[in-house]
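Novice: My file is structure-v4.cif. It has mmCIF, C-alpha atoms:
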```cif
data_upload
#
loop_
_atom_site.label_atom_id
_atom_site.label_comp_id
_atom_site.auth_asym_id
_atom_site.auth_seq_id
_atom_site.Cartn_x
_atom_site.Cartn_y
_atom_site.Cartn_z
CA MET A 14 -95.07 100.20 28.75
CA GLY A 15 -93.59 97.29 26.77
CA LYS A 16 -96.76 96.86 24.70
CA ILE A 17 -96.84 100.58 23.87
CA VAL A 18 -93.24 100.39 22.64
CA GLN A 19 -94.14 97.34 20.55
CA LEU A 20 -96.96 99.25 18.87
CA LEU A 21 -94.85 102.36 18.27
CA THR A 22 -92.15 100.24 16.63
CA HIS A 23 -94.73 98.45 14.46
CA PRO A 24 -96.88 101.23 12.89
CA ASN A 25 -99.06 98.81 10.91
CA GLU A 26 -100.01 97.06 14.12
CA LEU A 27 -100.76 100.38 15.80
CA LYS A 28 -103.11 101.20 12.94
CA ALA A 29 -104.72 97.76 13.30
CA VAL A 30 -105.38 98.36 17.00
CA VAL A 31 -107.05 101.71 16.26
CA GLN A 32 -109.10 100.23 13.43
CA LEU A 33 -110.21 97.24 15.48
CA LEU A 34 -111.19 99.32 18.50
CA TYR A 35 -112.88 102.26 16.77
CA PHE A 36 -113.78 101.51 13.15
CA ARG A 37 -114.56 97.81 12.79
CA GLN A 38 -118.29 97.22 13.14
CA PRO A 39 -119.72 93.81 14.10
CA LEU A 40 -121.87 92.18 11.45
CA HIS A 41 -124.61 91.35 13.96
CA PRO A 42 -124.52 93.66 16.99
CA VAL A 43 -126.11 92.34 20.17
CA ASP A 44 -129.09 94.28 21.48
CA PRO A 45 -129.18 93.77 25.29
CA LYS A 46 -132.71 95.20 25.41
CA LYS A 47 -133.96 92.09 23.61
CA GLN A 48 -132.29 89.71 26.07
CA GLY A 49 -134.05 88.30 29.10
CA ASP A 50 -132.40 88.19 32.52
CA THR A 51 -131.18 84.59 32.29
CA LEU A 52 -129.77 85.11 28.79
CA LYS A 53 -127.93 88.22 29.97
CA ARG A 54 -126.54 86.21 32.88
CA CYS A 55 -125.31 83.50 30.49
CA TYR A 56 -123.44 86.08 28.43
CA TYR A 57 -122.01 87.41 31.68
CA LEU A 58 -120.74 83.89 32.47
CA LEU A 59 -119.28 83.73 28.96
CA ASN A 60 -117.38 86.98 29.55
CA GLN A 61 -116.11 85.70 32.89
CA THR A 62 -114.73 82.46 31.44
CA SER A 63 -113.31 83.56 28.08
CA ARG A 64 -112.87 87.10 26.85
CA SER A 65 -111.43 86.02 23.49
CA PHE A 66 -114.17 83.53 22.65
CA ALA A 67 -116.82 85.87 24.05
CA ALA A 68 -115.90 88.57 21.55
CA VAL A 69 -116.29 86.36 18.47
CA ILE A 70 -119.32 84.45 19.75
CA LYS A 71 -121.23 87.70 20.35
CA GLU A 72 -120.69 88.70 16.72
CA LEU A 73 -122.24 85.52 15.30
CA HIS A 74 -125.47 85.46 13.32
CA PRO A 75 -128.48 85.51 15.71
CA GLU A 76 -129.62 82.14 14.35
CA ILE A 77 -126.75 80.30 16.04
CA ARG A 78 -125.26 82.86 18.44
CA ASP A 79 -127.08 81.77 21.61
CA ALA A 80 -126.72 78.08 20.76
CA ILE A 81 -122.95 78.33 20.38
CA MET A 82 -122.68 80.48 23.50
CA LEU A 83 -124.51 77.79 25.49
CA PHE A 84 -122.47 75.05 23.80
CA TYR A 85 -119.34 76.80 25.04
CA LEU A 86 -120.66 77.17 28.60
CA VAL A 87 -121.73 73.52 28.82
CA LEU A 88 -118.30 72.35 27.68
CA ARG A 89 -116.63 74.86 30.00
CA ALA A 90 -118.61 73.35 32.90
CA LEU A 91 -117.56 69.86 31.81
CA ASP A 92 -113.93 70.92 31.53
CA THR A 93 -114.02 72.54 34.98
CA ILE A 94 -115.08 69.22 36.51
CA GLU A 95 -112.37 67.35 34.61
CA ASP A 96 -109.65 69.83 35.67
CA ASP A 97 -110.65 69.92 39.35
CA MET A 98 -108.02 67.92 41.25
CA THR A 99 -109.99 68.29 44.52
CA LEU A 100 -112.69 65.93 43.21
CA ASP A 101 -112.19 62.24 43.90
CA PRO A 102 -112.00 60.18 40.65
CA GLY A 103 -114.65 57.85 42.05
CA PHE A 104 -117.04 60.83 42.05
CA LYS A 105 -115.65 62.68 39.05
CA VAL A 106 -115.70 59.86 36.48
CA PRO A 107 -119.42 58.97 36.85
CA LEU A 108 -120.29 62.69 36.78
CA LEU A 109 -118.36 63.19 33.53
CA ARG A 110 -119.98 60.14 31.93
CA SER A 111 -123.47 61.26 32.89
CA PHE A 112 -123.07 65.01 32.47
CA ASP A 113 -125.14 65.00 29.29
CA ASP A 114 -128.06 63.71 31.39
CA LYS A 115 -127.90 66.90 33.47
CA LEU A 116 -129.08 68.73 30.35
CA ASN A 117 -132.45 67.01 30.75
CA GLU A 118 -132.95 68.78 34.07
CA ILE A 119 -134.09 72.36 34.61
CA ASP A 120 -132.41 73.45 37.84
CA TRP A 121 -129.27 71.31 38.36
CA THR A 122 -126.28 73.12 39.86
CA PHE A 123 -122.99 72.02 41.40
CA ASN A 124 -121.21 73.78 44.24
CA GLY A 125 -118.60 71.12 44.99
CA SER A 126 -115.72 72.45 42.89
CA GLY A 127 -112.52 73.44 44.61
CA PRO A 128 -112.38 77.09 45.70
CA ASP A 129 -109.48 77.77 43.32
CA GLU A 130 -111.31 76.61 40.20
CA GLN A 131 -111.63 79.91 38.34
CA ASP A 132 -114.62 78.81 36.23
CA ARG A 133 -116.59 77.17 39.03
CA ILE A 134 -119.19 79.96 38.67
CA VAL A 135 -120.55 78.23 35.55
CA LEU A 136 -121.37 75.14 37.60
CA VAL A 137 -122.71 77.14 40.53
CA GLU A 138 -125.10 78.93 38.18
CA PHE A 139 -125.68 76.08 35.76
CA ASP A 140 -129.44 76.43 36.21
CA GLN A 141 -129.17 79.69 34.23
CA VAL A 142 -127.54 77.77 31.40
CA LEU A 143 -130.23 75.07 31.54
CA THR A 144 -133.03 77.63 31.36
CA GLU A 145 -131.69 79.01 28.09
CA TYR A 146 -130.66 75.59 26.78
CA HIS A 147 -134.26 74.39 26.89
CA LYS A 148 -135.33 77.40 24.82
CA LEU A 149 -133.13 76.32 21.89
CA LYS A 150 -134.43 74.46 18.87
CA PRO A 151 -134.50 70.69 19.63
CA GLU A 152 -131.94 70.11 16.87
CA TYR A 153 -129.48 72.50 18.52
CA GLN A 154 -130.10 70.89 21.92
CA ASP A 155 -129.31 67.48 20.40
CA ILE A 156 -125.98 68.72 19.04
CA ILE A 157 -124.89 70.04 22.45
CA LYS A 158 -126.04 66.87 24.20
CA ASP A 159 -124.29 64.57 21.73
CA ILE A 160 -120.91 66.33 21.90
CA THR A 161 -121.18 66.63 25.71
CA LYS A 162 -121.70 62.87 25.97
CA LYS A 163 -118.77 62.05 23.68
CA MET A 164 -116.42 64.51 25.37
CA GLY A 165 -117.45 63.54 28.90
CA ASN A 166 -116.79 59.88 28.21
CA GLY A 167 -113.47 60.70 26.56
CA MET A 168 -112.40 62.73 29.61
CA ALA A 169 -113.41 59.89 31.92
CA ASP A 170 -111.41 57.39 29.86
CA TYR A 171 -108.26 59.50 30.20
CA ILE A 172 -108.71 59.87 33.97
CA LEU A 173 -108.81 56.07 34.24
CA ASP A 174 -105.86 55.57 31.88
CA ASP A 175 -102.98 54.99 34.33
CA ASN A 176 -100.37 54.90 31.56
CA PHE A 177 -101.51 58.29 30.22
CA ASN A 178 -101.54 59.81 33.71
CA LEU A 179 -98.07 58.44 34.49
CA ASN A 180 -96.28 58.82 31.16
CA GLY A 181 -98.34 61.28 29.12
CA VAL A 182 -99.09 60.77 25.43
CA GLU A 183 -97.25 57.76 24.01
CA THR A 184 -97.80 57.53 20.24
CA VAL A 185 -98.70 59.95 17.46
CA ALA A 186 -101.99 58.05 17.12
CA ASP A 187 -102.63 58.69 20.83
CA TYR A 188 -101.75 62.35 20.23
CA ASP A 189 -104.35 62.59 17.46
CA LEU A 190 -106.98 60.86 19.60
CA TYR A 191 -106.36 63.11 22.61
CA CYS A 192 -106.59 66.23 20.43
CA HIS A 193 -109.79 64.85 18.89
CA TYR A 194 -111.46 64.56 22.28
CA VAL A 195 -110.45 68.01 23.52
CA ALA A 196 -110.74 69.97 20.25
CA GLY A 197 -111.89 67.87 17.29
CA LEU A 198 -115.25 67.17 18.92
CA VAL A 199 -115.78 70.90 19.40
CA GLY A 200 -115.19 71.36 15.68
CA GLU A 201 -117.71 68.61 14.96
CA GLY A 202 -120.37 70.33 17.04
CA LEU A 203 -119.75 73.76 15.52
CA THR A 204 -119.89 72.25 12.03
CA LYS A 205 -123.26 70.66 12.78
CA PHE A 206 -124.62 74.03 13.94
CA MET A 207 -123.44 75.82 10.80
CA VAL A 208 -124.63 73.15 8.39
CA LEU A 209 -128.02 72.91 10.08
CA ALA A 210 -128.38 76.69 9.79
CA LYS A 211 -127.36 76.52 6.09
CA PHE A 212 -124.29 78.64 6.83
CA SER A 213 -121.85 75.98 5.60
CA ASP A 214 -121.77 73.40 2.85
CA ASP A 215 -123.36 70.01 3.63
CA SER A 216 -120.16 68.25 2.57
CA LEU A 217 -118.54 69.28 5.88
CA VAL A 218 -120.83 66.76 7.58
CA ALA A 219 -120.90 64.26 4.71
CA ASP A 220 -117.11 63.77 4.88
CA GLY A 221 -117.42 62.27 8.36
CA PHE A 222 -116.11 65.46 9.96
CA VAL A 223 -112.60 64.86 8.63
CA LYS A 224 -112.02 68.54 7.85
CA SER A 225 -113.65 69.81 11.06
CA ASN A 226 -111.50 67.39 13.05
CA SER A 227 -108.40 68.82 11.39
CA MET A 228 -109.56 72.31 12.37
CA GLY A 229 -109.56 71.27 16.01
CA LEU A 230 -106.34 69.27 15.81
CA PHE A 231 -104.45 72.11 14.15
CA LEU A 232 -105.41 74.48 16.98
CA GLN A 233 -104.77 72.02 19.79
CA LYS A 234 -101.44 70.76 18.47
CA THR A 235 -100.17 74.30 18.00
CA ASN A 236 -101.11 75.12 21.61
CA ILE A 237 -99.45 71.94 22.86
CA ILE A 238 -96.17 72.82 21.14
CA ARG A 239 -96.30 76.38 22.49
CA ASP A 240 -97.21 75.31 26.04
CA TYR A 241 -94.28 72.88 26.56
CA HIS A 242 -92.75 74.85 29.44
CA GLU A 243 -96.07 75.75 31.09
CA ASP A 244 -97.24 72.13 31.00
CA LEU A 245 -93.88 71.00 32.34
CA GLU A 246 -94.28 73.30 35.35
CA ASP A 247 -97.77 71.87 35.92
CA GLY A 248 -96.42 68.31 35.85
CA ARG A 249 -98.15 67.46 32.57
CA SER A 250 -96.90 66.20 29.23
CA PHE A 251 -98.68 66.22 25.87
CA TRP A 252 -95.78 65.97 23.42
CA PRO A 253 -95.99 62.37 22.12
CA LYS A 254 -93.18 60.10 23.33
CA GLU A 255 -92.97 58.54 19.87
CA VAL A 256 -91.61 61.90 18.70
CA TRP A 257 -89.61 63.30 21.64
CA SER A 258 -87.87 59.98 22.40
CA LYS A 259 -85.97 60.39 19.11
CA TYR A 260 -84.23 63.43 20.58
CA THR A 261 -83.94 62.83 24.34
CA ASP A 262 -84.39 60.18 27.02
CA ALA A 263 -86.50 62.50 29.20
CA LEU A 264 -88.84 65.23 27.97
CA PRO A 265 -87.95 67.74 30.76
CA SER A 266 -84.29 67.66 29.69
CA PHE A 267 -84.98 70.13 26.86
CA HIS A 268 -85.55 72.70 29.59
CA LYS A 269 -83.22 71.48 32.32
CA ASP A 270 -80.18 70.81 30.13
CA THR A 271 -79.04 74.21 28.87
CA SER A 272 -76.26 72.87 26.64
CA SER A 273 -76.24 73.77 22.95
CA GLU A 274 -76.57 70.07 22.08
CA SER A 275 -79.76 69.73 24.13
CA GLU A 276 -81.17 72.92 22.63
CA ALA A 277 -80.50 71.64 19.10
CA GLN A 278 -82.30 68.38 19.90
CA GLY A 279 -85.20 70.30 21.43
CA LEU A 280 -85.56 72.44 18.30
CA SER A 281 -85.47 69.32 16.12
CA CYS A 282 -88.27 67.85 18.23
CA ILE A 283 -90.28 71.05 17.82
CA SER A 284 -89.76 70.96 14.06
CA GLU A 285 -91.14 67.41 13.85
CA LEU A 286 -94.19 68.46 15.85
CA VAL A 287 -94.63 71.52 13.60
CA LEU A 288 -94.38 69.25 10.56
CA ASN A 289 -97.13 67.09 12.03
CA SER A 290 -99.34 70.15 12.60
CA LEU A 291 -98.77 71.44 9.07
CA GLY A 292 -100.31 68.21 7.81
CA HIS A 293 -103.72 69.62 8.79
CA VAL A 294 -103.43 72.93 6.92
CA LYS A 295 -104.94 71.79 3.61
CA HIS A 296 -108.04 70.49 5.41
CA VAL A 297 -108.27 73.75 7.36
CA LEU A 298 -108.28 75.81 4.17
CA GLU A 299 -110.77 73.46 2.50
CA PHE A 300 -113.08 73.74 5.49
CA LEU A 301 -112.96 77.54 5.57
CA SER A 302 -113.64 77.75 1.83
CA LEU A 303 -116.98 76.01 2.47
CA VAL A 304 -118.24 78.37 5.22
CA LYS A 305 -120.68 80.77 3.55
CA ASP A 306 -122.01 83.00 6.33
CA PRO A 307 -119.53 85.86 6.96
CA SER A 308 -119.94 85.90 10.74
CA SER A 309 -119.47 82.12 10.95
CA PHE A 310 -116.47 82.44 8.66
CA ASN A 311 -114.89 85.03 11.00
CA PHE A 312 -115.62 82.82 14.00
CA CYS A 313 -113.85 79.86 12.38
CA ALA A 314 -111.03 81.74 10.65
CA ILE A 315 -109.70 83.87 13.51
CA PRO A 316 -108.43 80.97 15.68
CA GLN A 317 -106.87 79.30 12.63
CA VAL A 318 -104.87 82.34 11.51
CA MET A 319 -103.74 82.82 15.12
CA ALA A 320 -102.58 79.22 15.09
CA ILE A 321 -100.51 79.48 11.90
CA ALA A 322 -98.94 82.72 13.19
CA THR A 323 -98.16 81.01 16.51
CA LEU A 324 -96.73 77.98 14.71
CA ALA A 325 -94.36 80.26 12.79
CA THR A 326 -93.38 81.95 16.06
CA VAL A 327 -92.57 78.73 17.95
CA TYR A 328 -90.79 77.07 15.03
CA ASN A 329 -87.03 76.92 15.51
CA ASN A 330 -87.45 79.13 18.59
CA PRO A 331 -85.43 78.04 21.66
CA LYS A 332 -87.52 80.31 23.91
CA VAL A 333 -90.31 77.70 23.70
CA LEU A 334 -88.17 75.39 25.84
CA HIS A 335 -87.93 77.89 28.69
CA SER A 336 -90.95 80.22 28.55
CA ASN A 337 -94.43 80.72 27.13
CA VAL A 338 -94.05 82.29 23.68
CA LYS A 339 -96.91 84.37 22.28
CA ILE A 340 -97.57 86.52 19.24
CA ARG A 341 -97.77 90.29 19.80
CA LYS A 342 -101.14 91.90 20.61
CA GLY A 343 -100.75 94.17 17.60
CA THR A 344 -100.22 91.14 15.38
CA THR A 345 -103.39 89.64 16.82
CA CYS A 346 -105.35 92.76 15.85
CA GLU A 347 -103.91 92.65 12.34
CA LEU A 348 -104.87 89.01 11.93
CA ILE A 349 -108.44 89.63 13.09
CA LEU A 350 -108.84 92.41 10.54
CA GLN A 351 -107.18 90.56 7.67
CA SER A 352 -108.97 87.23 8.09
CA ARG A 353 -112.50 88.34 7.18
CA THR A 354 -112.36 87.05 3.61
CA PHE A 355 -111.15 83.74 2.28
CA PRO A 356 -108.51 85.37 0.04
CA GLY A 357 -107.29 87.20 3.15
CA VAL A 358 -106.99 83.94 5.09
CA VAL A 359 -105.11 82.23 2.26
CA LYS A 360 -102.72 85.18 2.09
CA ILE A 361 -102.06 84.91 5.84
CA PHE A 362 -101.39 81.18 5.66
CA ARG A 363 -99.10 81.65 2.71
CA LYS A 364 -97.14 84.36 4.54
CA TYR A 365 -96.53 82.33 7.68
CA VAL A 366 -95.78 79.11 5.82
CA GLN A 367 -93.08 81.04 3.97
CA ILE A 368 -91.76 82.33 7.31
CA ILE A 369 -91.57 78.75 8.61
CA ASN A 370 -89.74 77.62 5.48
CA HIS A 371 -87.25 80.50 5.72
CA LYS A 372 -86.57 79.77 9.41
CA SER A 373 -85.57 76.18 8.66
CA ASN A 374 -82.10 75.01 9.64
CA VAL A 375 -80.32 72.76 7.18
CA LYS A 376 -78.92 70.78 10.14
CA ASP A 377 -82.44 69.89 11.28
CA PRO A 378 -83.22 66.23 10.42
CA ASN A 379 -86.70 67.36 9.38
CA TYR A 380 -85.37 70.08 7.07
CA LEU A 381 -86.32 68.42 3.78
CA LYS A 382 -89.72 67.25 4.99
CA ILE A 383 -90.57 70.73 6.29
CA GLY A 384 -89.51 72.24 2.95
CA ILE A 385 -91.63 69.78 0.99
CA LYS A 386 -94.70 70.29 3.19
CA CYS A 387 -94.39 74.10 3.04
CA GLY A 388 -94.03 73.85 -0.74
CA GLU A 389 -97.19 71.73 -0.98
CA ILE A 390 -99.17 74.27 1.04
CA GLU A 391 -97.84 77.20 -1.02
CA GLN A 392 -98.72 75.36 -4.21
CA TYR A 393 -102.25 74.75 -2.94
CA CYS A 394 -102.61 78.45 -2.12
CA GLU A 395 -101.39 79.28 -5.63
CA THR A 396 -103.92 76.84 -7.07
CA MET A 397 -106.74 78.69 -5.30
CA TYR A 398 -105.54 82.20 -6.10
CA PRO A 399 -102.97 82.09 -8.91
CA ASP A 400 -100.93 85.15 -9.75
CA VAL A 401 -102.64 86.31 -12.96
CA ASN A 402 -99.61 88.43 -13.84
CA ALA A 403 -97.50 85.27 -13.98
CA LEU A 404 -99.72 83.70 -16.65
CA PRO A 405 -98.63 84.00 -20.31
CA ALA A 406 -100.69 86.39 -22.45
CA GLY A 407 -103.91 84.81 -23.64
CA VAL A 408 -103.79 81.96 -21.13
CA SER A 409 -106.78 81.75 -18.79
CA LYS A 410 -106.63 80.79 -15.14
CA PRO A 411 -106.27 77.00 -14.71
CA GLN A 412 -109.33 75.24 -13.32
CA HIS A 413 -109.06 72.81 -10.41
CA ALA A 414 -111.49 71.03 -8.09
CA ILE A 415 -111.34 73.96 -5.67
CA SER A 416 -111.89 76.57 -8.41
CA LYS A 417 -115.69 76.29 -8.48
CA ILE A 418 -115.84 76.71 -4.69
CA ILE A 419 -113.67 79.83 -4.96
CA ASP A 420 -115.87 81.23 -7.74
CA ASP A 421 -119.09 80.44 -5.86
CA ARG A 422 -117.98 82.34 -2.76
CA ALA A 423 -116.44 85.28 -4.64
CA ARG A 424 -119.55 87.45 -4.17
CA ILE A 425 -119.46 86.94 -0.38
CA ASP A 426 -115.78 87.82 -0.18
CA GLN A 427 -116.14 90.84 -2.46
CA SER A 428 -118.98 92.22 -0.35
CA MET A 429 -116.90 91.87 2.81
CA GLN A 430 -113.88 93.41 1.08
CA ARG A 431 -115.89 96.55 0.28
CA ARG A 432 -116.71 96.84 3.96
CA ILE A 433 -113.03 96.39 4.85
CA ASP A 434 -111.95 99.00 2.28
CA GLN A 435 -114.33 101.55 3.81
CA GLU A 436 -112.96 100.82 7.28
CA ASN A 437 -109.40 101.24 6.01
CA PHE A 438 -110.32 104.55 4.38
CA ASN A 439 -111.96 105.90 7.54
CA THR A 440 -109.01 104.81 9.68
CA ASN A 441 -106.48 106.36 7.32
CA VAL A 442 -108.37 109.65 7.20
CA VAL A 443 -108.52 109.94 10.99
CA LEU A 444 -104.92 108.87 11.56
CA GLY A 445 -103.70 111.05 8.72
CA THR A 446 -105.56 114.06 10.13
CA ALA A 447 -104.22 113.36 13.61
CA ALA A 448 -100.65 113.05 12.29
CA ALA A 449 -100.98 116.30 10.35
CA GLY A 450 -102.29 118.01 13.48
CA VAL A 451 -99.31 116.80 15.52
CA VAL A 452 -96.89 118.03 12.84
CA LEU A 453 -98.63 121.41 12.69
CA VAL A 454 -98.56 121.84 16.48
CA GLY A 455 -94.89 120.88 16.52
CA TYR A 456 -94.12 123.41 13.78
CA LEU A 457 -95.96 126.18 15.62
CA LEU A 458 -94.18 125.43 18.89
CA LEU A 459 -90.81 125.50 17.16
CA SER A 460 -91.73 128.83 15.53
CA LEU A 461 -92.40 130.55 18.85
#
```
Starting from the file, lay out its structure as structure tokens.
Specialist:
Amino acid sequence: MGKIVQLLTHPNELKAVVQLLYFRQPLHPVDPKKQGDTLKRCYYLLNQTSRSFAAVIKELHPEIRDAIMLFYLVLRALDTIEDDMTLDPGFKVPLLRSFDDKLNEIDWTFNGSGPDEQDRIVLVEFDQVLTEYHKLKPEYQDIIKDITKKMGNGMADYILDDNFNLNGVETVADYDLYCHYVAGLVGEGLTKFMVLAKFSDDSLVADGFVKSNSMGLFLQKTNIIRDYHEDLEDGRSFWPKEVWSKYTDALPSFHKDTSSESEAQGLSCISELVLNSLGHVKHVLEFLSLVKDPSSFNFCAIPQVMAIATLATVYNNPKVLHSNVKIRKGTTCELILQSRTFPGVVKIFRKYVQIINHKSNVKDPNYLKIGIKCGEIEQYCETMYPDVNALPAGVSKPQHAISKIIDDRARIDQSMQRRIDQENFNTNVVLGTAAAGVVLVGYLLLSL
């Protein structure tokens, strides 16, 4: 009932839900008739383990769709082993370090996960994944194997790190490294797929995966800030001590101590973590500007716009210290619809960066730094898409390093925008007709 009320009190979001469910058409619809039994089973496993990722993966270009689906399932299997507290470290660590070798086999499965591990089905039926994995192009297999090896070894290192297990993340450098292993490496693998398929610019690999790493870090850090209370209840800690120790002697005190002083310190800690996350935004926008294939662009852009919206929601929000804060479902639908072109993404980032700036508290010790960082991001957005009405008569749009990239992708964005405009028109016609019908019925009933 609460979600219905939310939609009724936010008409634009209600429209977005209708448009997303009934009028938005996938760029590359899946034809189940062309899928073999094992491939169908793999997509079933994908649906069972992640509904949100499943939706965007299934809309990818056929060239990389199955490869990325299998990439996800392999990493989900790896993550299930790492998360399983019923497995002895003496067994778990060697398995994580050698998991990439399992990809050389054709029928390996694992039934030793704890009964409460919700994604254990991927390991139980891993032979289905292997069957389809070996059908991929060798280059795609190599990408999955390489990232699996790096991530598996990273997970094993953290299991053996007594200081991390006892005290959590210590320094900001440790924070960056942890986020790299759990999210940055995923970005590296996805970038390799897109560049190999000629769906993204080669420079995204040539830069040493700096931008793709920022894509992963921005997502992971946003989730870590949001999940403070949930992680606390699970006995985990990912906020870096180098940051939180400036504001408290014990990280759980932000939740346990309900005084106004403790809350103020908790919000200041959040603002410093938000400031750290905002440091990745320019790289995120640069990365997205270089993704040429529309379906790959959607796949990359949707999580990023969700992240900036979430960051604006958690910023200066005391609820983060006591509950799990999320953006509304209607907002999610709006963001999915509005993030299909690069200008749309830039507009979204600009909007939420402004929200963050306006939510700032002058008493926050990070107030000036947040203002400066938000200003830098807004200026970068203005550089990419300047307000032509603000230019003096006769003055042409200034050219910057990013300008050629923007011009080169204009045709792609314009083509997608025409598709969006048609969807908007169809949605408005149907909703307008429905509204008129309701008014007419109401008038007739009142006339009786």
Novice: Going by the chain IDs and residue numbers used in this file, which residues fall under the PyMOL selection byres ((chain A and resi 76) around 10)? Write them as a compact mmCIF listing (two decimals) with C-alpha atoms, keeping the file's coordinate frame.
Specialist:
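Produced file expr_17.txt, reproduced below:
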```
# COMPACT_ATOMS: atom_id res chain seq x y z
CA LEU A 73 -122.24 85.52 15.30
CA HIS A 74 -125.47 85.46 13.32
CA PRO A 75 -128.48 85.51 15.71
CA ILE A 77 -126.75 80.30 16.04
CA ARG A 78 -125.26 82.86 18.44
CA ASP A 79 -127.08 81.77 21.61
CA ALA A 80 -126.72 78.08 20.76
CA ILE A 81 -122.95 78.33 20.38
CA PHE A 206 -124.62 74.03 13.94
CA MET A 207 -123.44 75.82 10.80
CA ALA A 210 -128.38 76.69 9.79
CA PHE A 212 -124.29 78.64 6.83
```
Novice: Could you tell me which residues the PyMOL selection byres ((chain A and resi 268) around 9) returns for this structure, as a list of chain:residue names?
Specialist: A:His242, A:Leu245, A:Leu264, A:Pro265, A:Ser266, A:Phe267, A:Lys269, A:Asp270, A:Thr271, A:Ser275, A:Glu276, A:Gly279, A:Leu334, A:His335
Novice: Counting only C-alpha atoms, figure out which residue out of A:Leu458, A:Leu190, A:Ile94, A:Cys313 gets nearest to A:Arg353.
Specialist: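 Residue with the minimum atom-to-atom distance to A:Arg353: A:Cys313.
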Novice: I need every residue sitting at most 9 Å from the point (-107.1, 77.6, -4.9) (coordinates as in the file, all atoms listed in the file considered), written as number ranges by chain.
Specialist: A: 359, 392-399, 413-416, 418-419
Novice: When the PyMOL selection byres ((chain A and resi 252) around 12) is applied to the structure above, which residues does it catch, written out as a VMD selection string?
Specialist: chain A and resid 177 180 to 189 191 to 192 233 to 242 244 to 245 249 to 251 253 to 258 263 to 265 279 282 to 283 285 to 287 289
